[in-house]
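Below is protein30.pdb, which holds PDB, C-alpha atoms.
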ATOM      1  CA  MET A   1     -16.601 -94.368  70.189
ATOM      2  CA  SER A   2     -16.202 -90.906  71.677
ATOM      3  CA  SER A   3     -12.537 -91.560  72.443
ATOM      4  CA  VAL A   4     -11.912 -92.605  68.835
ATOM      5  CA  ALA A   5     -13.640 -89.467  67.579
ATOM      6  CA  THR A   6     -11.642 -87.343  69.996
ATOM      7  CA  THR A   7      -8.384 -88.925  68.856
ATOM      8  CA  THR A   8      -9.305 -88.427  65.204
ATOM      9  CA  TYR A   9     -10.232 -84.799  65.863
ATOM     10  CA  ARG A  10      -6.935 -84.135  67.648
ATOM     11  CA  GLN A  11      -4.970 -85.747  64.835
ATOM     12  CA  GLY A  12      -6.810 -83.616  62.296
ATOM     13  CA  GLN A  13      -6.100 -80.471  64.287
ATOM     14  CA  ALA A  14      -2.434 -81.422  64.576
ATOM     15  CA  ALA A  15      -2.248 -81.968  60.818
ATOM     16  CA  ILE A  16      -3.859 -78.581  60.213
ATOM     17  CA  GLN A  17      -1.371 -76.953  62.617
ATOM     18  CA  ARG A  18       1.568 -78.597  60.829
ATOM     19  CA  GLU A  19       0.262 -77.484  57.451
ATOM     20  CA  ARG A  20      -0.140 -73.920  58.723
ATOM     21  CA  ARG A  21       3.395 -73.940  60.084
ATOM     22  CA  ARG A  22       4.713 -75.160  56.736
ATOM     23  CA  GLN A  23       2.795 -72.414  54.951
ATOM     24  CA  ARG A  24       4.217 -69.782  57.292
ATOM     25  CA  GLN A  25       7.706 -71.163  56.773
ATOM     26  CA  ARG A  26       7.284 -71.075  52.990
ATOM     27  CA  GLN A  27       5.974 -67.510  53.161
ATOM     28  CA  LEU A  28       8.902 -66.499  55.367
ATOM     29  CA  ALA A  29      11.363 -68.140  52.979
ATOM     30  CA  VAL A  30       9.838 -66.291  50.013
ATOM     31  CA  ARG A  31      10.008 -62.984  51.883
ATOM     32  CA  ILE A  32      13.635 -63.550  52.821
ATOM     33  CA  ILE A  33      14.529 -64.393  49.218
ATOM     34  CA  LEU A  34      12.742 -61.286  47.919
ATOM     35  CA  LEU A  35      14.448 -59.159  50.574
ATOM     36  CA  LEU A  36      17.873 -60.504  49.637
ATOM     37  CA  LEU A  37      17.192 -59.862  45.949
ATOM     38  CA  ALA A  38      16.087 -56.305  46.711
ATOM     39  CA  LEU A  39      19.181 -55.692  48.843
ATOM     40  CA  ALA A  40      21.445 -57.108  46.155
ATOM     41  CA  TYR A  41      19.793 -54.920  43.522
ATOM     42  CA  ALA A  42      20.112 -51.810  45.705
ATOM     43  CA  LEU A  43      23.640 -52.422  46.983
ATOM     44  CA  PHE A  44      25.240 -53.667  43.762
ATOM     45  CA  PRO A  45      25.934 -50.157  42.293
ATOM     46  CA  ILE A  46      27.372 -48.985  45.617
ATOM     47  CA  ILE A  47      29.633 -52.030  45.917
ATOM     48  CA  TRP A  48      30.720 -51.630  42.285
ATOM     49  CA  ILE A  49      31.629 -47.953  42.768
ATOM     50  CA  ALA A  50      33.386 -48.692  46.069
ATOM     51  CA  SER A  51      35.402 -51.427  44.376
ATOM     52  CA  ALA A  52      36.340 -49.123  41.484
ATOM     53  CA  SER A  53      37.442 -46.402  43.910
ATOM     54  CA  VAL A  54      40.164 -48.642  45.407
ATOM     55  CA  ASP A  55      41.159 -50.369  42.155
ATOM     56  CA  PRO A  56      44.664 -49.278  41.079
ATOM     57  CA  ARG A  57      43.951 -50.132  37.402
ATOM     58  CA  ASN A  58      41.699 -47.069  36.903
ATOM     59  CA  SER A  59      38.976 -49.207  35.343
ATOM     60  CA  LEU A  60      35.284 -50.048  35.760
ATOM     61  CA  VAL A  61      35.455 -53.567  34.295
ATOM     62  CA  ASN A  62      36.453 -56.930  35.726
ATOM     63  CA  LEU A  63      36.086 -55.704  39.280
ATOM     64  CA  GLY A  64      35.923 -57.972  42.302
ATOM     65  CA  LEU A  65      34.499 -57.361  45.735
ATOM     66  CA  ILE A  66      37.982 -56.370  46.868
ATOM     67  CA  PRO A  67      40.216 -55.693  43.823
ATOM     68  CA  ARG A  68      43.739 -57.081  43.730
ATOM     69  CA  GLY A  69      46.193 -54.530  45.050
ATOM     70  CA  ALA A  70      43.443 -52.348  46.516
ATOM     71  CA  THR A  71      44.740 -48.912  47.449
ATOM     72  CA  LEU A  72      43.503 -45.520  48.644
ATOM     73  CA  LYS A  73      45.579 -43.675  46.059
ATOM     74  CA  ASN A  74      42.463 -42.537  44.192
ATOM     75  CA  TYR A  75      41.168 -40.853  47.335
ATOM     76  CA  GLU A  76      44.523 -39.163  47.892
ATOM     77  CA  THR A  77      44.532 -37.895  44.303
ATOM     78  CA  LEU A  78      40.968 -36.656  44.690
ATOM     79  CA  LEU A  79      41.543 -34.752  47.922
ATOM     80  CA  ASN A  80      44.987 -33.375  47.073
ATOM     81  CA  SER A  81      44.401 -32.271  43.479
ATOM     82  CA  SER A  82      45.023 -28.553  42.949
ATOM     83  CA  ILE A  83      43.520 -28.548  39.453
ATOM     84  CA  HIS A  84      40.270 -30.236  40.485
ATOM     85  CA  PRO A  85      39.214 -28.832  43.916
ATOM     86  CA  PHE A  86      36.928 -31.615  45.134
ATOM     87  CA  THR A  87      36.371 -30.170  48.611
ATOM     88  CA  ARG A  88      35.424 -26.836  47.058
ATOM     89  CA  TRP A  89      32.898 -28.502  44.756
ATOM     90  CA  LEU A  90      31.474 -30.476  47.646
ATOM     91  CA  TRP A  91      31.069 -27.335  49.742
ATOM     92  CA  ASN A  92      29.441 -25.492  46.838
ATOM     93  CA  SER A  93      26.897 -28.278  46.364
ATOM     94  CA  ILE A  94      26.094 -28.467  50.071
ATOM     95  CA  LYS A  95      25.750 -24.691  50.326
ATOM     96  CA  VAL A  96      23.554 -24.285  47.255
ATOM     97  CA  SER A  97      21.390 -27.315  48.091
ATOM     98  CA  THR A  98      20.929 -26.318  51.730
ATOM     99  CA  ILE A  99      19.961 -22.725  50.942
ATOM    100  CA  THR A 100      17.611 -23.882  48.197
ATOM    101  CA  MET A 101      16.045 -26.448  50.516
ATOM    102  CA  VAL A 102      15.459 -23.977  53.360
ATOM    103  CA  LEU A 103      14.060 -21.223  51.135
ATOM    104  CA  SER A 104      11.922 -23.633  49.124
ATOM    105  CA  VAL A 105      10.384 -25.226  52.215
ATOM    106  CA  LEU A 106       9.820 -21.820  53.833
ATOM    107  CA  VAL A 107       8.149 -20.171  50.848
ATOM    108  CA  SER A 108       6.216 -23.287  49.817
ATOM    109  CA  THR A 109       4.857 -23.725  53.342
ATOM    110  CA  PHE A 110       3.461 -20.205  53.510
ATOM    111  CA  ALA A 111       2.079 -20.480  49.971
ATOM    112  CA  ALA A 112       0.446 -23.838  50.681
ATOM    113  CA  TYR A 113      -1.069 -22.525  53.923
ATOM    114  CA  SER A 114      -2.505 -19.532  52.095
ATOM    115  CA  PHE A 115      -3.995 -21.618  49.276
ATOM    116  CA  SER A 116      -5.414 -24.148  51.711
ATOM    117  CA  ARG A 117      -6.879 -21.874  54.392
ATOM    118  CA  PHE A 118      -7.774 -18.604  52.605
ATOM    119  CA  ARG A 119     -10.200 -17.812  49.829
ATOM    120  CA  PHE A 120      -9.241 -14.914  47.562
ATOM    121  CA  ARG A 121      -9.784 -13.756  44.003
ATOM    122  CA  GLY A 122      -7.609 -15.590  41.488
ATOM    123  CA  ARG A 123      -6.869 -18.480  43.833
ATOM    124  CA  ASP A 124      -8.019 -21.278  41.515
ATOM    125  CA  ALA A 125      -6.452 -19.665  38.449
ATOM    126  CA  THR A 126      -3.125 -19.290  40.258
ATOM    127  CA  LEU A 127      -3.152 -22.921  41.378
ATOM    128  CA  LEU A 128      -3.944 -24.080  37.851
ATOM    129  CA  THR A 129      -1.173 -21.896  36.417
ATOM    130  CA  VAL A 130       1.359 -23.283  38.893
ATOM    131  CA  PHE A 131       0.308 -26.813  37.985
ATOM    132  CA  LEU A 132       0.538 -26.235  34.235
ATOM    133  CA  ILE A 133       3.999 -24.678  34.531
ATOM    134  CA  GLN A 134       5.258 -27.853  36.214
ATOM    135  CA  VAL A 135       4.173 -29.935  33.214
ATOM    136  CA  PHE A 136       7.067 -28.575  31.138
ATOM    137  CA  PRO A 137      10.552 -29.811  32.138
ATOM    138  CA  ASN A 138      13.274 -27.325  33.025
ATOM    139  CA  SER A 139      15.387 -28.476  30.079
ATOM    140  CA  LEU A 140      12.933 -26.828  27.683
ATOM    141  CA  THR A 141      13.581 -23.422  29.229
ATOM    142  CA  ILE A 142      17.348 -23.689  29.651
ATOM    143  CA  VAL A 143      18.113 -21.106  26.923
ATOM    144  CA  ALA A 144      15.561 -18.643  28.288
ATOM    145  CA  THR A 145      16.873 -19.238  31.804
ATOM    146  CA  PHE A 146      20.434 -18.543  30.689
ATOM    147  CA  LEU A 147      19.440 -15.260  29.004
ATOM    148  CA  LEU A 148      17.320 -14.221  31.986
ATOM    149  CA  ILE A 149      20.106 -14.835  34.515
ATOM    150  CA  GLN A 150      22.563 -13.077  32.223
ATOM    151  CA  GLU A 151      20.287 -10.022  32.131
ATOM    152  CA  ILE A 152      19.799 -10.058  35.898
ATOM    153  CA  GLY A 153      23.571 -10.184  36.321
ATOM    154  CA  ASN A 154      23.905  -6.882  34.461
ATOM    155  CA  TYR A 155      22.077  -5.196  37.345
ATOM    156  CA  ILE A 156      22.818  -7.515  40.293
ATOM    157  CA  PRO A 157      26.096  -9.408  39.669
ATOM    158  CA  SER A 158      25.622 -11.662  42.700
ATOM    159  CA  PHE A 159      22.554 -13.168  40.990
ATOM    160  CA  GLY A 160      23.998 -13.406  37.484
ATOM    161  CA  LEU A 161      26.034 -15.995  35.627
ATOM    162  CA  ASN A 162      28.850 -17.757  37.515
ATOM    163  CA  SER A 163      27.136 -16.989  40.822
ATOM    164  CA  HIS A 164      25.461 -19.267  43.310
ATOM    165  CA  GLY A 165      22.765 -16.671  43.846
ATOM    166  CA  GLY A 166      21.559 -16.975  40.268
ATOM    167  CA  LEU A 167      21.692 -20.767  40.454
ATOM    168  CA  ILE A 168      19.596 -20.745  43.631
ATOM    169  CA  LEU A 169      17.018 -18.474  41.975
ATOM    170  CA  VAL A 170      16.602 -20.959  39.127
ATOM    171  CA  TYR A 171      16.318 -23.907  41.487
ATOM    172  CA  LEU A 172      13.706 -22.105  43.570
ATOM    173  CA  GLY A 173      11.667 -21.294  40.496
ATOM    174  CA  GLY A 174      11.616 -24.940  39.498
ATOM    175  CA  ALA A 175      10.807 -26.331  42.948
ATOM    176  CA  LEU A 176       8.210 -23.944  44.373
ATOM    177  CA  GLY A 177       5.348 -25.101  42.161
ATOM    178  CA  ILE A 178       5.404 -28.821  42.848
ATOM    179  CA  ASN A 179       6.319 -28.300  46.512
ATOM    180  CA  THR A 180       3.369 -25.957  46.986
ATOM    181  CA  TRP A 181       1.001 -28.513  45.482
ATOM    182  CA  LEU A 182       2.344 -31.300  47.700
ATOM    183  CA  MET A 183       2.077 -29.209  50.850
ATOM    184  CA  LYS A 184      -1.373 -27.868  49.998
ATOM    185  CA  GLY A 185      -2.717 -31.396  49.772
ATOM    186  CA  PHE A 186      -1.274 -32.126  53.200
ATOM    187  CA  PHE A 187      -2.709 -28.918  54.683
ATOM    188  CA  ASP A 188      -6.132 -29.813  53.245
ATOM    189  CA  SER A 189      -6.041 -33.099  55.171
ATOM    190  CA  VAL A 190      -5.822 -31.230  58.497
ATOM    191  CA  PRO A 191      -9.362 -30.578  59.853
ATOM    192  CA  ARG A 192     -10.492 -26.962  59.717
ATOM    193  CA  ASP A 193     -12.158 -27.448  63.080
ATOM    194  CA  LEU A 194      -8.747 -26.875  64.654
ATOM    195  CA  ASP A 195      -8.480 -23.437  63.046
ATOM    196  CA  GLU A 196     -12.028 -22.495  64.032
ATOM    197  CA  SER A 197     -11.561 -23.593  67.642
ATOM    198  CA  ALA A 198      -8.316 -21.631  67.908
ATOM    199  CA  MET A 199      -9.906 -18.514  66.367
ATOM    200  CA  ILE A 200     -12.754 -18.692  68.881
ATOM    201  CA  ASP A 201     -10.113 -18.661  71.612
ATOM    202  CA  GLY A 202      -8.613 -15.529  70.057
ATOM    203  CA  ALA A 203      -5.603 -17.035  68.246
ATOM    204  CA  SER A 204      -4.164 -15.152  65.275
ATOM    205  CA  HIS A 205      -3.461 -16.741  61.900
ATOM    206  CA  TRP A 206       0.250 -16.838  62.684
ATOM    207  CA  ARG A 207      -0.337 -18.581  66.014
ATOM    208  CA  ILE A 208      -2.691 -21.075  64.373
ATOM    209  CA  PHE A 209      -0.073 -21.833  61.751
ATOM    210  CA  TRP A 210       2.937 -22.065  64.040
ATOM    211  CA  GLN A 211       1.507 -23.752  67.148
ATOM    212  CA  ILE A 212      -1.300 -25.896  65.716
ATOM    213  CA  LEU A 213      -0.715 -26.694  62.048
ATOM    214  CA  PHE A 214       3.069 -26.721  61.893
ATOM    215  CA  PRO A 215       3.504 -29.762  64.217
ATOM    216  CA  LEU A 216       0.969 -31.651  62.085
ATOM    217  CA  VAL A 217       2.636 -30.954  58.734
ATOM    218  CA  ARG A 218       6.220 -31.724  59.741
ATOM    219  CA  PRO A 219       6.257 -35.018  57.801
ATOM    220  CA  ILE A 220       5.596 -33.287  54.464
ATOM    221  CA  LEU A 221       8.126 -30.565  55.335
ATOM    222  CA  ALA A 222      10.788 -33.220  55.877
ATOM    223  CA  VAL A 223       9.887 -35.052  52.661
ATOM    224  CA  VAL A 224       9.840 -31.864  50.583
ATOM    225  CA  GLY A 225      13.122 -30.745  52.122
ATOM    226  CA  ILE A 226      14.880 -34.021  51.344
ATOM    227  CA  LEU A 227      13.519 -34.176  47.794
ATOM    228  CA  THR A 228      14.545 -30.579  47.124
ATOM    229  CA  PHE A 229      18.032 -31.142  48.529
ATOM    230  CA  ILE A 230      18.577 -34.312  46.487
ATOM    231  CA  ALA A 231      17.245 -32.787  43.254
ATOM    232  CA  THR A 232      19.448 -29.710  43.669
ATOM    233  CA  TYR A 233      22.478 -31.685  44.800
ATOM    234  CA  ASN A 234      22.307 -34.058  41.828
ATOM    235  CA  ASP A 235      21.513 -31.469  39.147
ATOM    236  CA  TYR A 236      23.961 -31.295  36.274
ATOM    237  CA  ILE A 237      22.434 -29.479  33.287
ATOM    238  CA  ILE A 238      21.439 -26.205  34.964
ATOM    239  CA  ALA A 239      24.647 -25.973  37.004
ATOM    240  CA  LEU A 240      26.737 -26.690  33.898
ATOM    241  CA  THR A 241      24.906 -23.964  31.964
ATOM    242  CA  LEU A 242      25.138 -21.218  34.576
ATOM    243  CA  LEU A 243      28.510 -21.955  36.196
ATOM    244  CA  LYS A 244      31.670 -21.829  34.088
ATOM    245  CA  ASN A 245      34.208 -20.919  36.756
ATOM    246  CA  THR A 246      35.845 -24.052  38.140
ATOM    247  CA  GLN A 247      35.891 -22.661  41.677
ATOM    248  CA  GLN A 248      32.143 -21.971  41.545
ATOM    249  CA  GLN A 249      31.058 -25.294  40.082
ATOM    250  CA  THR A 250      29.072 -27.864  42.002
ATOM    251  CA  LEU A 251      30.081 -31.454  42.635
ATOM    252  CA  ALA A 252      28.085 -33.008  39.783
ATOM    253  CA  VAL A 253      29.699 -30.681  37.257
ATOM    254  CA  GLY A 254      33.162 -30.811  38.766
ATOM    255  CA  LEU A 255      33.412 -34.588  38.871
ATOM    256  CA  ASN A 256      32.730 -34.711  35.147
ATOM    257  CA  LEU A 257      36.093 -33.001  34.598
ATOM    258  CA  PHE A 258      37.806 -36.252  35.583
ATOM    259  CA  LEU A 259      36.182 -37.857  32.537
ATOM    260  CA  GLY A 260      36.383 -34.931  30.134
ATOM    261  CA  GLU A 261      39.625 -35.784  28.379
ATOM    262  CA  GLN A 262      39.430 -38.473  25.750
ATOM    263  CA  PHE A 263      42.453 -40.590  26.654
ATOM    264  CA  SER A 264      42.937 -39.798  30.335
ATOM    265  CA  GLN A 265      39.654 -40.624  32.045
ATOM    266  CA  GLN A 266      40.257 -41.082  35.742
ATOM    267  CA  TRP A 267      37.553 -43.609  36.552
ATOM    268  CA  GLY A 268      38.978 -44.554  39.916
ATOM    269  CA  VAL A 269      39.157 -40.947  41.100
ATOM    270  CA  PHE A 270      35.686 -40.330  39.706
ATOM    271  CA  ALA A 271      34.336 -43.340  41.632
ATOM    272  CA  ALA A 272      35.990 -42.119  44.824
ATOM    273  CA  GLY A 273      34.429 -38.689  44.364
ATOM    274  CA  ALA A 274      31.011 -40.176  43.666
ATOM    275  CA  LEU A 275      31.217 -42.280  46.809
ATOM    276  CA  LEU A 276      32.286 -39.386  49.034
ATOM    277  CA  GLY A 277      29.784 -37.085  47.362
ATOM    278  CA  ALA A 278      26.896 -39.339  48.368
ATOM    279  CA  LEU A 279      27.653 -38.974  52.084
ATOM    280  CA  PRO A 280      25.842 -35.612  52.621
ATOM    281  CA  VAL A 281      22.587 -37.059  51.267
ATOM    282  CA  VAL A 282      22.901 -40.103  53.533
ATOM    283  CA  VAL A 283      23.654 -37.916  56.558
ATOM    284  CA  LEU A 284      20.694 -35.646  55.798
ATOM    285  CA  TYR A 285      18.343 -38.592  55.557
ATOM    286  CA  LEU A 286      19.604 -40.045  58.842
ATOM    287  CA  LEU A 287      19.125 -36.693  60.575
ATOM    288  CA  MET A 288      15.583 -36.199  59.272
ATOM    289  CA  GLN A 289      14.216 -39.732  59.355
ATOM    290  CA  ASP A 290      12.702 -39.198  62.812
ATOM    291  CA  TYR A 291      10.622 -36.336  61.431
ATOM    292  CA  ILE A 292       9.450 -38.474  58.536
ATOM    293  CA  VAL A 293       8.548 -41.515  60.632
ATOM    294  CA  GLY A 294       7.463 -39.884  63.876
ATOM    295  CA  GLY A 295       6.190 -36.514  62.684
ATOM    296  CA  LEU A 296       2.582 -37.664  62.400
ATOM    297  CA  THR A 297       2.407 -39.054  65.905
ATOM    298  CA  ALA A 298       4.364 -36.108  67.357
ATOM    299  CA  GLY A 299       1.651 -33.725  66.200
ATOM    300  CA  ALA A 300      -1.325 -36.050  66.658
ATOM    301  CA  VAL A 301      -4.687 -34.599  67.610
ATOM    302  CA  LYS A 302      -5.947 -35.751  70.963
ATOM    303  CA  GLY A 303      -9.638 -35.590  71.744
TER
END
Using structure tokens, write down the structure that the file contains.
Amino acid sequence: MSSVATTTYRQGQAAIQRERRRQRQRQLAVRIILLLLALAYALFPIIWIASASVDPRNSLVNLGLIPRGATLKNYETLLNSSIHPFTRWLWNSIKVSTITMVLSVLVSTFAAYSFSRFRFRGRDATLLTVFLIQVFPNSLTIVATFLLIQEIGNYIPSFGLNSHGGLILVYLGGALGINTWLMKGFFDSVPRDLDESAMIDGASHWRIFWQILFPLVRPILAVVGILTFIATYNDYIIALTLLKNTQQQTLAVGLNLFLGEQFSQQWGVFAAGALLGALPVVVLYLLMQDYIVGGLTAGAVKG
């Protein structure tokens, strides 16, 4: 009787094991399908643009994975055009975005540290004002921004219209508020006990910030830097409003010139420029991904 019960028990356990394996296999199959759908959704625009960039028909319709008669002529036209200086636009975008990113992260970090660690008169009112300003989009102030930069240019030409200095000033004004709020929240999550222990040991505020807090907040610095770079790099409206000189224009504005004429849109060249123009953002992300993923553990508190 005991042997029969044992056999029945083992058979039941085996059936349960098989059912669990089937469930895991079904779950794995569903995950793989969802992953493939997500990859297809994410990669489809890139594949479409890449296909258009090598299509000799100068069209965005009826494209295949590899178009018939695929050629690199669009890339040659893009890089060798004297009327549309692609490399100049690309350099302008990289320069403006990099300077804006560095200055924005630097100023926002010090501002967030001050708001998080110090108590001073007007602190809450200033934070609320910064938050309320961010509620209104930059497009609502584009006319006022244009007039302001024009007036500044009368006194300091390097920060006026048709200058990268003026464009950087506008970008900084739009990014500092939200970046400060993001960083302040991250600084608030760092225990104040670290500051108090360091102050007991005689550390100054600068040493506390640089040697203790800075390693802990590197993840938010990397995130803010990437977001600022991408937002600046992809901006079109502000750059179009402030920059009229072709040599001073950024990539987003310059590429639009290939589509500006009614009957001579160069879609293939535009697609090639869009594909090459995305490379700096990809490179930046690859360079900074270690700080995003490993920044928390690199500055972990050990007790």
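Remark: for Phe115 of chain A, the closest of the candidate residues A:Gln265, A:Thr250, A:Thr180, A:Gln211 is A:Thr180 (distances computed over only C-alpha atoms).
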Need the axis-aligned box for segment 96-111 of chain A with 3 Å each side, so what are the centre and edges in Å to one decimal, as lines of an AutoDock Vina configuration file?
center_x = 12.8
center_y = -23.7
center_z = 50.5
size_x = 27.5
size_y = 13.1
size_z = 12.6
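Take atom CA of Pro219 of chain A and atom CA of Ser197 of chain A: the distance between them is 23.3 Å.
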message = Taking all atoms listed in the file into account, name the residue in A:Ser51, A:Leu240, A:Asn179, A:Ser81 that is nearest to Gly69 of chain A.
response = A:Ser51
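With only C-alpha atoms as the atoms that count, the residue of A:Leu227, A:Val130, A:Leu148, A:Val105 with the shortest distance to Leu284 of chain A is A:Leu227.
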Skip Pro67 of chain A itself and residues of its chain fewer than 5 positions away, then list as a PDB file with C-alpha atoms, in the coordinates of the input all residues within 10 Å of it, counting all atoms listed in the file.
ATOM      1  CA  SER A  51      35.402 -51.427  44.376  1.00  0.00           C
ATOM      2  CA  ALA A  52      36.340 -49.123  41.484  1.00  0.00           C
ATOM      3  CA  SER A  53      37.442 -46.402  43.910  1.00  0.00           C
ATOM      4  CA  VAL A  54      40.164 -48.642  45.407  1.00  0.00           C
ATOM      5  CA  ASP A  55      41.159 -50.369  42.155  1.00  0.00           C
ATOM      6  CA  PRO A  56      44.664 -49.278  41.079  1.00  0.00           C
ATOM      7  CA  ARG A  57      43.951 -50.132  37.402  1.00  0.00           C
ATOM      8  CA  ASN A  62      36.453 -56.930  35.726  1.00  0.00           C
TER       9      ASN A  62
END
The PyMOL selection byres ((chain A and resi 107) around 12) applied to the shown file, residues as a PDB file with C-alpha atoms, in the frame of the given file:
ATOM      1  CA  THR A 100      17.611 -23.882  48.197  1.00  0.00           C
ATOM      2  CA  MET A 101      16.045 -26.448  50.516  1.00  0.00           C
ATOM      3  CA  VAL A 102      15.459 -23.977  53.360  1.00  0.00           C
ATOM      4  CA  LEU A 103      14.060 -21.223  51.135  1.00  0.00           C
ATOM      5  CA  SER A 104      11.922 -23.633  49.124  1.00  0.00           C
ATOM      6  CA  VAL A 105      10.384 -25.226  52.215  1.00  0.00           C
ATOM      7  CA  LEU A 106       9.820 -21.820  53.833  1.00  0.00           C
ATOM      8  CA  SER A 108       6.216 -23.287  49.817  1.00  0.00           C
ATOM      9  CA  THR A 109       4.857 -23.725  53.342  1.00  0.00           C
ATOM     10  CA  PHE A 110       3.461 -20.205  53.510  1.00  0.00           C
ATOM     11  CA  ALA A 111       2.079 -20.480  49.971  1.00  0.00           C
ATOM     12  CA  ALA A 112       0.446 -23.838  50.681  1.00  0.00           C
ATOM     13  CA  TYR A 113      -1.069 -22.525  53.923  1.00  0.00           C
ATOM     14  CA  SER A 114      -2.505 -19.532  52.095  1.00  0.00           C
ATOM     15  CA  LEU A 172      13.706 -22.105  43.570  1.00  0.00           C
ATOM     16  CA  GLY A 173      11.667 -21.294  40.496  1.00  0.00           C
ATOM     17  CA  ALA A 175      10.807 -26.331  42.948  1.00  0.00           C
ATOM     18  CA  LEU A 176       8.210 -23.944  44.373  1.00  0.00           C
ATOM     19  CA  GLY A 177       5.348 -25.101  42.161  1.00  0.00           C
ATOM     20  CA  ASN A 179       6.319 -28.300  46.512  1.00  0.00           C
ATOM     21  CA  THR A 180       3.369 -25.957  46.986  1.00  0.00           C
ATOM     22  CA  MET A 183       2.077 -29.209  50.850  1.00  0.00           C
ATOM     23  CA  LEU A 221       8.126 -30.565  55.335  1.00  0.00           C
ATOM     24  CA  VAL A 224       9.840 -31.864  50.583  1.00  0.00           C
ATOM     25  CA  GLY A 225      13.122 -30.745  52.122  1.00  0.00           C
TER      26      GLY A 225
END
remark   = Expressed in Å, the length from atom CA of Thr129 of chain A to atom CA of Leu213 of chain A is 26.1 Å
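Across the model, the gap from atom CA of Arg22 of chain A to atom CA of Leu37 of chain A is 22.5 Å.
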ask   = Evaluating the PyMOL selection byres ((chain A and resi 50) around 12) on the displayed file yields which residues, as number ranges by chain?
value = A: 43-49, 51-55, 60, 63-67, 70-72, 74-75, 267-276, 278
Selection: 12 Å around segment 156-161 of chain A, all atoms listed in the file, excl. self and same-chain fewer than 3 positions, as a VMD selection string = chain A and resid 145 to 153 164 to 170 238 to 245 248 to 249
Write the residues you've just listed into a file as a PDB file, in the coordinates of the input, and include C-alpha atoms for each of them.
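Generated output (result01.pdb):
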ATOM      1  CA  THR A 145      16.873 -19.238  31.804  1.00  0.00           C
ATOM      2  CA  PHE A 146      20.434 -18.543  30.689  1.00  0.00           C
ATOM      3  CA  LEU A 147      19.440 -15.260  29.004  1.00  0.00           C
ATOM      4  CA  LEU A 148      17.320 -14.221  31.986  1.00  0.00           C
ATOM      5  CA  ILE A 149      20.106 -14.835  34.515  1.00  0.00           C
ATOM      6  CA  GLN A 150      22.563 -13.077  32.223  1.00  0.00           C
ATOM      7  CA  GLU A 151      20.287 -10.022  32.131  1.00  0.00           C
ATOM      8  CA  ILE A 152      19.799 -10.058  35.898  1.00  0.00           C
ATOM      9  CA  GLY A 153      23.571 -10.184  36.321  1.00  0.00           C
ATOM     10  CA  HIS A 164      25.461 -19.267  43.310  1.00  0.00           C
ATOM     11  CA  GLY A 165      22.765 -16.671  43.846  1.00  0.00           C
ATOM     12  CA  GLY A 166      21.559 -16.975  40.268  1.00  0.00           C
ATOM     13  CA  LEU A 167      21.692 -20.767  40.454  1.00  0.00           C
ATOM     14  CA  ILE A 168      19.596 -20.745  43.631  1.00  0.00           C
ATOM     15  CA  LEU A 169      17.018 -18.474  41.975  1.00  0.00           C
ATOM     16  CA  VAL A 170      16.602 -20.959  39.127  1.00  0.00           C
ATOM     17  CA  ILE A 238      21.439 -26.205  34.964  1.00  0.00           C
ATOM     18  CA  ALA A 239      24.647 -25.973  37.004  1.00  0.00           C
ATOM     19  CA  LEU A 240      26.737 -26.690  33.898  1.00  0.00           C
ATOM     20  CA  THR A 241      24.906 -23.964  31.964  1.00  0.00           C
ATOM     21  CA  LEU A 242      25.138 -21.218  34.576  1.00  0.00           C
ATOM     22  CA  LEU A 243      28.510 -21.955  36.196  1.00  0.00           C
ATOM     23  CA  LYS A 244      31.670 -21.829  34.088  1.00  0.00           C
ATOM     24  CA  ASN A 245      34.208 -20.919  36.756  1.00  0.00           C
ATOM     25  CA  GLN A 248      32.143 -21.971  41.545  1.00  0.00           C
ATOM     26  CA  GLN A 249      31.058 -25.294  40.082  1.00  0.00           C
TER      27      GLN A 249
END
task = Pick out the closest residue to Ile237 of chain A from this set: A:Ile208, A:Leu194, A:Leu140, A:Val217. Count only C-alpha atoms.
result = A:Leu140
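Minimum atom-to-atom distance to Phe186 of chain A, evaluated using only C-alpha atoms, belongs to A:Arg218 out of A:Arg24, A:Arg119, A:Lys95, A:Arg218.
The protein and nucleic acid residues lying at most 8 Å from Leu90 of chain A are Phe86, Ile94, Thr250, Leu251 and Gly277 of chain A, with all atoms listed in the file considered and sequence neighbours fewer than 4 positions away removed.
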